[in-house]
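Coordinates from protein.csv are shown below (CSV, C-alpha atoms and all ligand atoms).
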```csv
chain,number,residue,atom,x,y,z
A,1,MET,CA,-24.1,11.1,23.4
A,2,ILE,CA,-23.7,8.2,21.0
A,3,HIS,CA,-24.2,8.6,17.2
A,4,SER,CA,-23.4,6.6,14.1
A,5,TYR,CA,-22.4,7.9,10.7
A,6,ILE,CA,-20.6,6.9,7.5
A,7,ALA,CA,-16.9,6.9,8.2
A,8,LYS,CA,-14.6,9.7,7.1
A,9,ILE,CA,-10.9,9.5,6.2
A,10,GLU,CA,-9.9,11.0,9.5
A,11,ASP,CA,-11.6,8.1,11.4
A,12,ILE,CA,-9.2,5.5,9.9
A,13,PRO,CA,-6.6,5.6,12.8
A,14,GLN,CA,-9.3,4.8,15.4
A,15,ILE,CA,-10.8,2.1,13.2
A,16,LEU,CA,-7.4,0.4,12.6
A,17,SER,CA,-6.7,0.5,16.4
A,18,ILE,CA,-10.1,-1.3,17.2
A,19,MET,CA,-9.4,-3.7,14.4
A,20,GLU,CA,-5.9,-4.5,15.7
A,21,GLU,CA,-7.0,-5.2,19.3
A,22,ASN,CA,-9.7,-7.6,18.0
A,23,LEU,CA,-7.6,-9.6,15.5
A,24,LEU,CA,-7.1,-13.3,16.1
A,25,ALA,CA,-3.4,-12.7,15.4
A,26,THR,CA,-3.2,-10.2,18.3
A,27,ASN,CA,-5.0,-12.5,20.7
A,28,LYS,CA,-3.1,-15.7,20.1
A,29,ASP,CA,-2.4,-16.2,23.8
A,30,LYS,CA,-6.1,-16.4,24.6
A,31,VAL,CA,-7.6,-19.8,25.2
A,32,THR,CA,-10.3,-21.1,22.9
A,33,GLN,CA,-13.0,-20.3,25.5
A,34,GLU,CA,-12.0,-16.6,25.7
A,35,LEU,CA,-11.9,-16.3,21.9
A,36,GLU,CA,-15.3,-17.8,21.6
A,37,ARG,CA,-16.7,-15.5,24.4
A,38,ASP,CA,-15.2,-12.2,23.2
A,39,GLY,CA,-15.1,-12.8,19.4
A,40,PHE,CA,-12.2,-12.1,17.1
A,41,LEU,CA,-11.4,-10.8,13.6
A,42,LEU,CA,-9.5,-12.6,10.9
A,43,TYR,CA,-8.7,-9.9,8.4
A,44,ARG,CA,-6.4,-6.9,8.8
A,45,PHE,CA,-7.3,-4.2,6.4
A,46,THR,CA,-4.5,-1.9,5.3
A,47,GLU,CA,-4.7,1.8,5.7
A,48,SER,CA,-4.8,2.1,1.9
A,49,GLU,CA,-7.6,-0.4,1.5
A,50,LEU,CA,-9.6,1.5,4.1
A,51,LYS,CA,-9.0,4.8,2.2
A,52,ASP,CA,-10.3,3.2,-1.0
A,53,ILE,CA,-13.3,1.7,0.7
A,54,ILE,CA,-14.2,5.0,2.5
A,55,ASN,CA,-13.8,7.0,-0.7
A,56,ASN,CA,-15.9,4.7,-2.9
A,57,HIS,CA,-19.5,4.8,-1.8
A,58,SER,CA,-20.9,2.9,-4.7
A,59,ASP,CA,-19.5,-0.5,-3.7
A,60,HIS,CA,-18.7,0.0,0.0
A,61,LEU,CA,-20.1,1.1,3.3
A,62,THR,CA,-18.3,1.8,6.5
A,63,ILE,CA,-20.2,2.8,9.6
A,64,VAL,CA,-18.7,4.1,12.8
A,65,LEU,CA,-20.3,4.6,16.2
A,66,LYS,CA,-18.9,7.5,18.2
A,67,SER,CA,-19.3,8.7,21.7
A,68,ARG,CA,-17.9,12.3,22.1
A,69,GLU,CA,-14.6,12.1,20.1
A,70,GLU,CA,-14.1,8.4,20.7
A,71,ILE,CA,-15.0,5.8,18.1
A,72,LEU,CA,-16.4,2.7,20.0
A,73,GLY,CA,-17.0,0.4,17.0
A,74,TYR,CA,-17.3,0.1,13.3
A,75,ALA,CA,-18.7,-2.1,10.5
A,76,ILE,CA,-17.4,-2.5,7.0
A,77,GLY,CA,-19.3,-4.1,4.1
A,78,HIS,CA,-19.5,-4.2,0.3
A,79,ASN,CA,-21.8,-4.7,-2.6
A,80,PHE,CA,-21.8,-8.5,-2.8
A,81,GLN,CA,-21.1,-8.4,-6.5
A,82,TRP,CA,-17.9,-6.5,-5.9
A,83,TYR,CA,-16.8,-8.7,-3.0
A,84,ARG,CA,-17.5,-11.9,-4.9
A,85,SER,CA,-15.5,-10.7,-7.9
A,86,LYS,CA,-12.5,-10.2,-5.6
A,87,ASN,CA,-12.7,-12.9,-2.9
A,88,TRP,CA,-15.6,-15.2,-2.6
A,89,GLU,CA,-16.4,-18.5,-4.2
A,90,ILE,CA,-19.5,-20.3,-3.4
A,91,VAL,CA,-17.7,-23.4,-2.2
A,92,SER,CA,-20.2,-23.6,0.5
A,93,SER,CA,-23.1,-25.8,1.2
A,94,ILE,CA,-25.9,-23.3,0.7
A,95,PRO,CA,-29.4,-24.4,-0.5
A,96,GLU,CA,-30.1,-23.8,-4.2
A,97,LYS,CA,-32.8,-21.2,-3.2
A,98,TYR,CA,-30.1,-19.0,-1.7
A,99,ILE,CA,-27.6,-19.5,-4.5
A,100,ALA,CA,-30.4,-18.2,-6.8
A,101,ILE,CA,-30.9,-15.2,-4.5
A,102,LEU,CA,-27.2,-14.5,-4.4
A,103,ASN,CA,-27.0,-14.7,-8.2
A,104,SER,CA,-30.1,-12.5,-8.9
A,105,GLU,CA,-30.9,-10.1,-6.1
A,106,LYS,CA,-29.1,-7.0,-4.8
A,107,ASN,CA,-27.1,-8.3,-1.9
A,108,TYR,CA,-24.9,-6.6,0.7
A,109,TYR,CA,-21.9,-8.4,2.1
A,110,HIS,CA,-21.4,-7.5,5.8
A,111,ARG,CA,-17.7,-8.1,6.0
A,112,GLN,CA,-16.4,-7.0,9.4
A,113,ILE,CA,-17.8,-5.5,12.6
A,114,ALA,CA,-15.8,-4.8,15.8
A,115,VAL,CA,-16.3,-3.0,19.1
A,116,LYS,CA,-13.6,-1.4,21.2
A,117,LYS,CA,-12.4,-3.5,24.1
A,118,GLY,CA,-14.2,-2.9,27.3
A,119,HIS,CA,-17.5,-1.8,25.6
A,120,LYS,CA,-20.6,-3.9,25.2
A,121,GLY,CA,-24.1,-3.5,23.7
A,122,ILE,CA,-22.5,-1.6,20.8
A,123,GLY,CA,-22.7,-4.3,18.1
A,124,ASN,CA,-26.5,-4.2,17.9
A,125,LYS,CA,-26.5,-0.3,17.6
A,126,ILE,CA,-23.9,-0.4,14.8
A,127,LEU,CA,-25.9,-3.1,13.0
A,128,SER,CA,-29.1,-1.0,13.3
A,129,THR,CA,-27.4,1.8,11.4
A,130,VAL,CA,-26.0,-0.6,8.8
A,131,PHE,CA,-29.6,-1.9,8.2
A,132,ASN,CA,-30.9,1.6,7.7
A,133,LYS,CA,-28.2,2.5,5.2
A,134,VAL,CA,-28.5,-0.8,3.4
A,135,LEU,CA,-32.3,-0.3,3.0
A,136,GLU,CA,-31.8,3.3,1.8
A,137,GLN,CA,-29.4,2.0,-0.8
A,138,GLY,CA,-31.9,-0.5,-2.1
A,139,PHE,CA,-30.3,-3.8,-1.1
A,140,ASP,CA,-32.6,-6.8,-0.9
A,141,ASN,CA,-30.5,-8.9,1.6
A,142,ILE,CA,-27.5,-9.0,3.8
A,143,ILE,CA,-25.1,-11.9,3.8
A,144,ALA,CA,-22.3,-12.4,6.4
A,145,GLU,CA,-19.8,-15.1,7.4
A,146,ILE,CA,-19.0,-15.9,11.0
A,147,VAL,CA,-16.2,-18.3,11.9
A,148,HIS,CA,-17.4,-21.7,13.3
A,149,LYS,CA,-14.2,-23.7,13.2
A,150,PRO,CA,-11.6,-24.2,14.6
A,151,PHE,CA,-13.1,-21.7,17.1
A,152,LYS,CA,-16.8,-20.7,17.1
A,153,ASN,CA,-17.3,-16.9,17.4
A,154,GLU,CA,-20.2,-17.3,19.8
A,155,ARG,CA,-20.3,-13.6,20.7
A,156,SER,CA,-20.7,-12.5,17.1
A,157,ILE,CA,-23.2,-15.3,16.3
A,158,ALA,CA,-25.4,-14.2,19.3
A,159,CYS,CA,-25.2,-10.6,18.3
A,160,HIS,CA,-26.2,-11.3,14.6
A,161,GLN,CA,-28.9,-13.8,15.5
A,162,LYS,CA,-30.5,-11.3,17.9
A,163,MET,CA,-30.6,-8.8,15.0
A,164,GLY,CA,-32.4,-11.3,12.7
A,165,PHE,CA,-29.7,-13.1,10.8
A,166,LYS,CA,-30.4,-16.8,10.1
A,167,ILE,CA,-27.8,-19.4,9.2
A,168,ILE,CA,-28.2,-20.8,5.7
A,169,GLY,CA,-25.1,-22.9,5.3
A,170,THR,CA,-21.4,-23.1,5.7
A,171,SER,CA,-18.4,-22.0,3.7
A,172,LEU,CA,-14.6,-22.0,3.7
A,173,LEU,CA,-12.4,-19.0,4.3
A,174,GLY,CA,-8.8,-20.2,4.0
A,175,ASP,CA,-8.3,-22.6,6.9
A,176,PHE,CA,-11.5,-21.6,8.6
A,177,THR,CA,-15.0,-22.9,8.3
A,178,THR,CA,-17.6,-20.2,8.5
A,179,GLY,CA,-21.3,-20.1,9.0
A,180,VAL,CA,-23.1,-18.2,6.2
A,181,TYR,CA,-25.7,-15.9,7.7
A,182,PHE,CA,-28.5,-14.2,5.8
A,183,LYS,CA,-31.0,-11.5,6.6
A,184,GLN,CA,-33.7,-10.5,4.2
A,185,MET,CA,-34.2,-6.7,4.1
A,186,ASN,CA,-36.8,-6.2,1.4
A,187,ILE,CA,-39.8,-7.3,3.4
A,188,ASN,CA,-42.9,-5.6,2.0
B,1,LIG,C1,-19.1,-9.3,17.9
B,1,LIG,C2,-19.2,-7.8,18.4
B,1,LIG,C3,-19.2,-6.9,17.3
B,1,LIG,C4,-20.6,-7.8,19.1
B,1,LIG,O1,-20.7,-6.5,19.7
B,1,LIG,P1,-21.2,-6.4,21.2
B,1,LIG,O2,-21.3,-4.9,21.5
B,1,LIG,O3,-20.2,-7.2,22.0
B,1,LIG,O4,-22.6,-7.1,21.1
B,1,LIG,P2,-23.9,-6.8,21.8
B,1,LIG,O5,-23.6,-6.6,23.3
B,1,LIG,O6,-24.6,-5.7,21.1
B,1,LIG,O7,-24.7,-8.1,21.5
B,1,LIG,C5,-24.3,-9.3,21.9
B,1,LIG,C6,-25.4,-10.1,22.5
B,1,LIG,O8,-25.1,-11.5,22.6
B,1,LIG,C7,-25.0,-11.9,23.9
B,1,LIG,N1,-23.9,-12.7,24.0
B,1,LIG,C8,-22.6,-12.4,24.1
B,1,LIG,N2,-21.8,-13.4,24.2
B,1,LIG,C9,-22.6,-14.5,24.1
B,1,LIG,C10,-22.3,-15.9,24.1
B,1,LIG,N3,-21.1,-16.4,24.2
B,1,LIG,N4,-23.4,-16.7,24.0
B,1,LIG,C11,-24.6,-16.3,24.0
B,1,LIG,N5,-24.9,-14.9,23.9
B,1,LIG,C12,-23.9,-14.1,24.0
B,1,LIG,C13,-24.9,-10.6,24.8
B,1,LIG,O9,-25.4,-10.8,26.1
B,1,LIG,C14,-25.7,-9.7,23.9
B,1,LIG,O10,-27.1,-9.8,24.2
B,1,LIG,P3,-28.0,-8.7,24.9
B,1,LIG,O11,-28.1,-7.6,23.9
B,1,LIG,O12,-29.3,-9.4,25.2
B,1,LIG,O13,-27.2,-8.3,26.1
B,1,LIG,C15,-18.1,-7.5,19.5
B,1,LIG,O14,-18.2,-8.4,20.6
B,1,LIG,C16,-16.7,-7.6,18.9
B,1,LIG,O15,-16.2,-6.6,18.4
B,1,LIG,N6,-16.1,-8.8,19.0
B,1,LIG,C17,-14.7,-8.9,18.5
B,1,LIG,C18,-14.7,-8.9,17.0
B,1,LIG,C19,-15.7,-9.8,16.3
B,1,LIG,O16,-15.9,-10.9,16.8
B,1,LIG,N7,-16.3,-9.3,15.3
B,1,LIG,C20,-17.3,-10.1,14.5
B,1,LIG,C21,-16.5,-10.9,13.5
B,1,LIG,S1,-17.7,-11.9,12.5
```

Represent the structure from my file as structure tokens, please.
Amino acid sequence: MIHSYIAKIEDIPQILSIMEENLLATNKDKVTQELERDGFLLYRFTESELKDIINNHSDHLTIVLKSREEILGYAIGHNFQWYRSKNWEIVSSIPEKYIAILNSEKNYYHRQIAVKKGHKGIGNKILSTVFNKVLEQGFDNIIAEIVHKPFKNERSIACHQKMGFKIIGTSLLGDFTTGVYFKQMNIN
């Protein structure tokens, strides 16, 4: 029986283990084709960062998907205002219309999603739970970045596009070029 819920502190070891196996740094020996097919993560959260994120529900959301006692995947995101104040510059080529939306509406930054190796068809289930929580919390839109260069995270792009994300531009994340993806939630 699979179920998703807002992560608890005791879930951190399993989240970190899924994160670790999906990091680009862990998969350096893979060829480009494999990285693009399976997807990869750039950022390794520390245990203490995860504790802060899980304890602070006003700016952050962490969802886990569990089958019996085993966590099969997770997603971490933030209030965009919070994320932007820490990490994000709009150095991107995003149309003015979206810059205005990012400046004025209540946006959620979908930061990281990962599925335990050997499992598939989990990403869309986690995203559905994220959407429900984001709507409950009154967010207007979700924004996400997915790496396009030097490797294109094809798996993640396919998963997010199937769930309604549209590409609106590109940005820079260190040495990586990302696609900026957007999903409107407040459709009345
Ligand atoms: C990205 C990730 C979360 C997606 O989760 P998932 O469980 O693999 O995704 P799903 O199976 O729900 O959906 C992927 C869909 O894209 C399709 N797909 C997968 N790879 C594809 C590719 N290279 N090209 C086109 N479509 C592809 C799948 O067939 C699936 O479609 P379906 O639902 O019709 O079968 C997961 O693969 C993962 O953890 N990857 C490593 C970490 C990562 O890349 N995270 C995202 C960082 S932005």

Residues contacting ligand LIG 1 (chain B) - anything with an atom at most 8 Å away, using all atoms listed in the file - can you give me those as a ChimeraX atom specification? /A:19,22-23,36-42,73,111-117,119-125,144-147,153-160,162

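The interatomic distance for the pair CA of Leu173 in chain A and CA of Ile6 in chain A works out to 27.4 Å.
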
If you count only C-alpha atoms, which residues fall within 8 Å of range 61-72 of chain A, apart from same-chain ones fewer than 4 positions away, as a PDB file with C-alpha atoms, in the coordinates of the input?
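Written out: out-v5.pdb:
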```pdb
ATOM      1  CA  MET A   1     -24.100  11.100  23.400  1.00  0.00           C
ATOM      2  CA  ILE A   2     -23.700   8.200  21.000  1.00  0.00           C
ATOM      3  CA  HIS A   3     -24.200   8.600  17.200  1.00  0.00           C
ATOM      4  CA  SER A   4     -23.400   6.600  14.100  1.00  0.00           C
ATOM      5  CA  TYR A   5     -22.400   7.900  10.700  1.00  0.00           C
ATOM      6  CA  ILE A   6     -20.600   6.900   7.500  1.00  0.00           C
ATOM      7  CA  ALA A   7     -16.900   6.900   8.200  1.00  0.00           C
ATOM      8  CA  ASP A  11     -11.600   8.100  11.400  1.00  0.00           C
ATOM      9  CA  GLN A  14      -9.300   4.800  15.400  1.00  0.00           C
ATOM     10  CA  ILE A  15     -10.800   2.100  13.200  1.00  0.00           C
ATOM     11  CA  ILE A  18     -10.100  -1.300  17.200  1.00  0.00           C
ATOM     12  CA  ILE A  53     -13.300   1.700   0.700  1.00  0.00           C
ATOM     13  CA  ILE A  54     -14.200   5.000   2.500  1.00  0.00           C
ATOM     14  CA  HIS A  57     -19.500   4.800  -1.800  1.00  0.00           C
ATOM     15  CA  ILE A  76     -17.400  -2.500   7.000  1.00  0.00           C
ATOM     16  CA  GLY A  77     -19.300  -4.100   4.100  1.00  0.00           C
ATOM     17  CA  HIS A  78     -19.500  -4.200   0.300  1.00  0.00           C
ATOM     18  CA  VAL A 115     -16.300  -3.000  19.100  1.00  0.00           C
ATOM     19  CA  LYS A 116     -13.600  -1.400  21.200  1.00  0.00           C
ATOM     20  CA  HIS A 119     -17.500  -1.800  25.600  1.00  0.00           C
ATOM     21  CA  ILE A 122     -22.500  -1.600  20.800  1.00  0.00           C
ATOM     22  CA  ILE A 126     -23.900  -0.400  14.800  1.00  0.00           C
ATOM     23  CA  THR A 129     -27.400   1.800  11.400  1.00  0.00           C
ATOM     24  CA  VAL A 130     -26.000  -0.600   8.800  1.00  0.00           C
TER      25      VAL A 130
END
```

Near-Thr32 in chain A list (9 Å; all atoms listed in the file; drop same-chain fewer than 5 positions) as a list in words: Arg37, Pro150, Phe151 and Lys152 of chain A

Export of prior selection with C-alpha atoms as a compact mmCIF listing (two decimals), keeping the file's coordinate frame:
```txt
# COMPACT_ATOMS: atom_id res chain seq x y z
CA ARG A 37 -16.70 -15.50 24.40
CA PRO A 150 -11.60 -24.20 14.60
CA PHE A 151 -13.10 -21.70 17.10
CA LYS A 152 -16.80 -20.70 17.10
```

Would you mind listing what lies within 7 Å of range 135-143 of chain A as an MDAnalysis selection string, with only C-alpha atoms counted and same-chain residues fewer than 4 positions away left out? chainID A and resid 105:110 131 181:186

CA of Leu172 in chain A and CA of His148 in chain A, how far apart in Å?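 These atoms are spaced 10.0 Å apart.
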
What is the distance, in Å and to one decimal place, between CA of Gly179 in chain A and CA of Ile167 in chain A?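 Computing the Euclidean distance for CA of Gly179 in chain A and CA of Ile167 in chain A yields 6.5 Å.
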
Of A:Glu49, A:Thr178, A:Gly164, A:Tyr43, the one nearest to Ala25 in chain A when counting only C-alpha atoms is A:Tyr43

I need the residue nearest Val134 in chain A from this list: A:Thr177, A:Ser58, A:Asn27, A:Ser85. Use only C-alpha atoms for the distance.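 Result for the nearest residue to Val134 in chain A: A:Ser58.
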
Only all heavy atoms, please: range 41-54 of chain A from the block, as a short mmCIF file (atom, residue, chain, number, x, y, z; two decimals), in the first residue's frame.
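Contents of out.cif, freshly written:
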```cif
data_model
loop_
_atom_site.label_atom_id
_atom_site.label_comp_id
_atom_site.auth_asym_id
_atom_site.auth_seq_id
_atom_site.Cartn_x
_atom_site.Cartn_y
_atom_site.Cartn_z
N LEU A 41 20.61 14.39 -9.72
CA LEU A 41 20.47 15.56 -8.84
C LEU A 41 21.80 16.29 -8.77
O LEU A 41 22.85 15.65 -8.82
CB LEU A 41 20.09 15.12 -7.43
CG LEU A 41 18.81 14.33 -7.25
CD1 LEU A 41 18.68 13.87 -5.79
CD2 LEU A 41 17.60 15.16 -7.66
N LEU A 42 21.72 17.61 -8.57
CA LEU A 42 22.95 18.38 -8.41
C LEU A 42 23.27 18.64 -6.95
O LEU A 42 24.42 18.64 -6.56
CB LEU A 42 22.82 19.74 -9.11
CG LEU A 42 22.65 19.76 -10.62
CD1 LEU A 42 22.63 21.21 -11.09
CD2 LEU A 42 23.78 19.00 -11.28
N TYR A 43 22.23 18.89 -6.16
CA TYR A 43 22.47 19.46 -4.83
C TYR A 43 22.30 18.44 -3.72
O TYR A 43 21.28 17.76 -3.64
CB TYR A 43 21.51 20.64 -4.59
CG TYR A 43 21.81 21.36 -3.31
CD1 TYR A 43 22.96 22.15 -3.19
CD2 TYR A 43 20.98 21.23 -2.20
CE1 TYR A 43 23.26 22.79 -2.00
CE2 TYR A 43 21.27 21.88 -1.01
CZ TYR A 43 22.42 22.66 -0.91
OH TYR A 43 22.72 23.28 0.26
N ARG A 44 23.34 18.35 -2.87
CA ARG A 44 23.28 17.46 -1.72
C ARG A 44 22.89 18.28 -0.48
O ARG A 44 23.67 19.13 -0.03
CB ARG A 44 24.64 16.80 -1.49
CG ARG A 44 24.69 15.89 -0.30
CD ARG A 44 26.11 15.44 0.00
NE ARG A 44 26.51 14.26 -0.74
CZ ARG A 44 27.54 14.22 -1.59
NH1 ARG A 44 28.26 15.30 -1.83
NH2 ARG A 44 27.84 13.09 -2.22
N PHE A 45 21.69 18.07 0.03
CA PHE A 45 21.28 18.73 1.27
C PHE A 45 22.03 18.07 2.43
O PHE A 45 22.27 16.86 2.41
CB PHE A 45 19.78 18.53 1.53
CG PHE A 45 18.88 19.36 0.65
CD1 PHE A 45 18.55 18.95 -0.63
CD2 PHE A 45 18.36 20.56 1.13
CE1 PHE A 45 17.72 19.71 -1.43
CE2 PHE A 45 17.52 21.33 0.33
CZ PHE A 45 17.20 20.90 -0.96
N THR A 46 22.36 18.87 3.43
CA THR A 46 22.94 18.28 4.64
C THR A 46 21.79 17.83 5.54
O THR A 46 20.64 18.28 5.38
CB THR A 46 23.79 19.30 5.42
OG1 THR A 46 22.92 20.34 5.86
CG2 THR A 46 24.90 19.87 4.56
N GLU A 47 22.14 16.99 6.51
CA GLU A 47 21.13 16.53 7.46
C GLU A 47 20.53 17.73 8.21
O GLU A 47 19.33 17.81 8.42
CB GLU A 47 21.78 15.55 8.43
CG GLU A 47 20.78 14.89 9.32
CD GLU A 47 21.41 13.85 10.23
OE1 GLU A 47 22.58 13.46 10.01
OE2 GLU A 47 20.71 13.43 11.15
N SER A 48 21.39 18.67 8.56
CA SER A 48 20.88 19.80 9.33
C SER A 48 19.97 20.71 8.48
O SER A 48 18.95 21.21 8.97
CB SER A 48 22.05 20.51 9.99
OG SER A 48 22.20 21.78 9.55
N GLU A 49 20.30 20.88 7.20
CA GLU A 49 19.40 21.64 6.32
C GLU A 49 18.03 20.95 6.24
O GLU A 49 16.99 21.61 6.31
CB GLU A 49 19.97 21.69 4.90
CG GLU A 49 20.93 22.81 4.65
CD GLU A 49 21.49 22.73 3.23
OE1 GLU A 49 22.06 21.69 2.85
OE2 GLU A 49 21.33 23.71 2.51
N LEU A 50 18.06 19.63 6.10
CA LEU A 50 16.78 18.91 6.01
C LEU A 50 15.97 19.04 7.29
O LEU A 50 14.75 19.20 7.25
CB LEU A 50 17.03 17.42 5.72
CG LEU A 50 17.23 17.02 4.27
CD1 LEU A 50 17.28 15.51 4.15
CD2 LEU A 50 16.12 17.56 3.39
N LYS A 51 16.66 19.01 8.43
CA LYS A 51 15.95 19.18 9.71
C LYS A 51 15.25 20.54 9.73
O LYS A 51 14.08 20.64 10.10
CB LYS A 51 16.94 19.10 10.88
CG LYS A 51 17.13 17.69 11.37
CD LYS A 51 17.98 17.66 12.63
CE LYS A 51 18.32 16.21 12.93
NZ LYS A 51 19.60 16.04 13.60
N ASP A 52 15.98 21.57 9.35
CA ASP A 52 15.39 22.92 9.34
C ASP A 52 14.19 22.99 8.42
O ASP A 52 13.15 23.56 8.75
CB ASP A 52 16.41 23.97 8.87
CG ASP A 52 17.48 24.21 9.90
OD1 ASP A 52 17.30 23.77 11.05
OD2 ASP A 52 18.50 24.84 9.56
N ILE A 53 14.34 22.38 7.24
CA ILE A 53 13.28 22.43 6.23
C ILE A 53 12.04 21.69 6.74
O ILE A 53 10.91 22.16 6.61
CB ILE A 53 13.81 21.82 4.91
CG1 ILE A 53 14.74 22.83 4.24
CG2 ILE A 53 12.68 21.41 3.98
CD1 ILE A 53 15.47 22.29 3.04
N ILE A 54 12.26 20.53 7.33
CA ILE A 54 11.12 19.72 7.78
C ILE A 54 10.44 20.38 8.98
O ILE A 54 9.22 20.28 9.15
CB ILE A 54 11.58 18.26 8.06
CG1 ILE A 54 11.91 17.59 6.73
CG2 ILE A 54 10.52 17.47 8.82
CD1 ILE A 54 12.46 16.19 6.81
#
```
